[in-house]
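Since the structure comes first, as structure tokens, the remarks are kept for the end.
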Amino acid sequence: MPFHPAQLEAISWGEGPALVLAGPGSGKTTVITHRVRELLRKGADPSRILVITFTKAAALEMQERFFRLMEGAAPPVTFGTFHAVFFKILKYAYHYTGSHILRPEKRQELLRRVFAQVRPQVEDEAEFLADISNEISRVKGDRVDPDHYYSQNCPEDVFRAFYRGYEEGLREAGLLDFDDMLRLCEELLRARPDILAAWQRKFQYILIDEFQDINRIQYEVIRLLAAPENNLFIVGDDDQSIYRFRGAKPEIMLGFPKDYPAAKQILLSVNYRSRPELVRATSQLVLHNRARFPKQLTAAAGPGGTLTVRSFANPAEENRQVVRELQEYHRQGIPYEEMGLLFRTNQNPRGMVEQLLRMNLPFYMRDLVPNLYEHWIAGDILTYLFLAAGSRKRGDLLRVINRPKRYVHRAALDQPELDLAHLKAWYQGKDWMEEKLDRLAYDLKALGRMAPAAAIHYIRQTIGYDGFLEEYAQYRRMQPEELLEILDELEEAARPFRTLPEWLEHIREYTRQLQEQKLPGKNGPGSGKQEPETPEGIRVSTMHSAKGLEYQVVYILDANEGVTPYKKAQSQADLEEERRLFYVAATRAKTHLHVYWTREHYHKPQTVSRFAVELVGREAANVRGS
């Protein structure tokens with residue numbers, strides 16, 4: 001395929017800094033590999049060329065494509081991640097080995113150890129530790145004093161205790177995490193001009209892919225290494241920066257022309273992936289962001305694309321229609337592997353997964369879809385129902401006795417099997433406690449006569465479980481809706497079942513089927529698997545995980561306000577990141593893009609996402625119902 005003039009300009013760029021803005025489907029990997037070959041053709045020493053990507057898999061893929069381009073030759077160009085390059089610098093200076101690097105499993109072990117010491121009042125330890133781990137990384141990457149950091153997940157004293165405990169664990173074990181590697185590398189290069197000069201001579205040409213995802217320390221180190229010649233060739237798309245929550249700073253790319261006034265700016269403006277109808281619509285969408293480089297993108301392909309924005313009465317109707325359309329596309333000759341179902345979070349696809357399983361369509365999930373029934377809130381609700389059905393297990397009563405608060409002391413639950421009569425005897429003479437326990441006995445008896453959905457509603461409103469969740473959300477600095485929606489989904493899922501045994505049987509079967517999705521070697525109808533080498537079936541993915549992929553047919557589902565943009569997005573920067581994420585999802589489509597939303601969810605009215613409106617206009621986004 002002949003190169004576009006902008007691609008040729010980037011490939012043949014000579015010395016000095018260059019900023020290559022690479023729109024979706026514009027061939028950025030091709031440009032990078034061909035530029036390396038062009039540098040070699042002009043006489044550059046291959047051992048002095050450094051190509052940096054953000055993941056090990058991306059670095060290996062880039063290297064393999066370069067070797068294929070070189071037709072079997074393997075010149076010693078360095079392809080690596082930021083962490084690999086920075087660790088190499090530290091290894092030569094301080095004689096570090098791989099044993100000094102904190103492994104992911106060891107990081108989890110350290111965090112769990114601190115959790116046992118701090119004992120925060122949280123229900124989902126794994127989720128909490130993942131959030132705290134990200135926060136610790138952001139604090140380090142942004143050089144924030146932890147004593148002046150406002151945690152998004154817990155009270156400040158709890159976060160500071162975690163941070164100190166984690167750092168002490170690292171020091172005791174003599175380990176470095178990735179954030180320490182970046183910080184130490186910067187400190188080393190600033191303190192030792194001789195070492196810096198040696199590495200500057202080593203890497204004469206530096207090329208960086210996905211530059212929009214860089215963080216502040218990574219950028220500062222790269223600037224040190226590139227000086228004084230500044231042969232810095234950066235490739236990326238500010239409109240596809242979607243990892244701010246991990247510390248990425250899209251403003252670094254936007255500020256590159258100020259840091260390097262002499263930098264050449266090249267726009268790869270031709271999209272070789274999508275039809276022109278889709279390129280025009282997605283370009284119109286991202287124009288609503290303020291902090292971006294202006295771009296005019298065109299499509300290499302001729303017309304023939306379709307963009308459909310459609311509303312449905314509810315998610316069940318949406319899921320049924322999507323499955324019918326997927327089957328029709330397949331009858332028209334489009335492989336299931338060329339169809340992508342994209343969701344804002346990994347919580348959203350549950351209903352669609354159930355529908356795909358029910359209809360026996362082949363699919364696999366790029367993200368682990370959490371089992372609703374394994375969520376701790378579902379565990380609480382089911383425990384109430386077990387007690388209503390006659391359970392006398394101490395563990396069951398212990399789990400929910402103070403959800404909401406009834407001020408029952410743990411010491412009162414002193415038998416492996418017990419009932420409320422035992423508790424009343426323990427609190428004999430304390431009228432206010434006997435009254436609470438009498439009320440609980442009445443509630444459990446009432447629950448025992450109800451269908452599951454009605455029982456859940458009673459637990460929420462009459463017993464007061466919603467209030468318990470609202471208090472918990474305040475402690476965790478979450479929006480209560482994040483937890484209450486779990487209850488909404490649970491109540492909706494229970495609605496078809498008349499009795500608890502019927503519902504429990506469904507839960508067992510659904511859990512079994514969901515587990516099959518995780519088993520290797522389970523390709524075939526209804527048996528998708530996690531990240532297979534040769535995946536079969538419809539792709540079910542979050543928007544984040546879809547980055548870098550493409551499909552003939554893409555569905556963006558649940559395109560409602562509060563879902564996308566996500567309800568947590570409050571600031572202008574948050575909303576622009578959400579728009580970029582929607583843009584990434586929409587630009588995965590080659591030919592057919594469907595954006596679907598629902599007018600009601602859990603019996604609550606919903607509105608169309610502003611992003612759907614920005615794609616096609618207000619009237620088109622609202623006018624076509626099911």
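Order determines the names: the first chain of the structure tokens is A, the second B, and so forth; residues in each chain are numbered 1 upward, and ligands are numbered 1 upward as they are shown.
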
What are the nearest atom pairs, with distances in Å to one decimal, for all residues of stretch 141-161 of chain A that come at most 10 Å from stretch 174-189 of chain A, using only C-alpha atoms, set out by chain and rising residue number as JSON lines?
```
{"residue": "A:Gly141", "atom": "CA", "partner": "A:Asp179", "partner_atom": "CA", "distance": 6.2}
{"residue": "A:Asp142", "atom": "CA", "partner": "A:Asp179", "partner_atom": "CA", "distance": 9.9}
{"residue": "A:Arg143", "atom": "CA", "partner": "A:Arg183", "partner_atom": "CA", "distance": 8.9}
```

Excluding A:Val114 and its own-chain neighbours fewer than 4 positions away, which residues fall within 8 Å of it when counting only C-alpha atoms? Please give them as JSON, numbers by chain.
{"A": [110, 118, 162, 165, 166]}

Residue nearest A:Met543 among A:Asp367, A:Glu471, A:Glu505, A:Glu172 (counting only C-alpha atoms):
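Result for the nearest residue to A:Met543: A:Asp367.
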
Excluding stretch 207-223 of chain A and residues on its chain fewer than 2 positions from it, collect all residues at most 7 Å away from it, counting only C-alpha atoms, and give them as number ranges by chain.
A: 50-53, 141-142, 182-183, 186, 205, 225-227, 232-238, 241, 243, 247-250, 253

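The closest residue to A:Glu614, picked from A:Val309, A:Val353, A:Ile89, A:Ala493 and counting only C-alpha atoms, is A:Val309.
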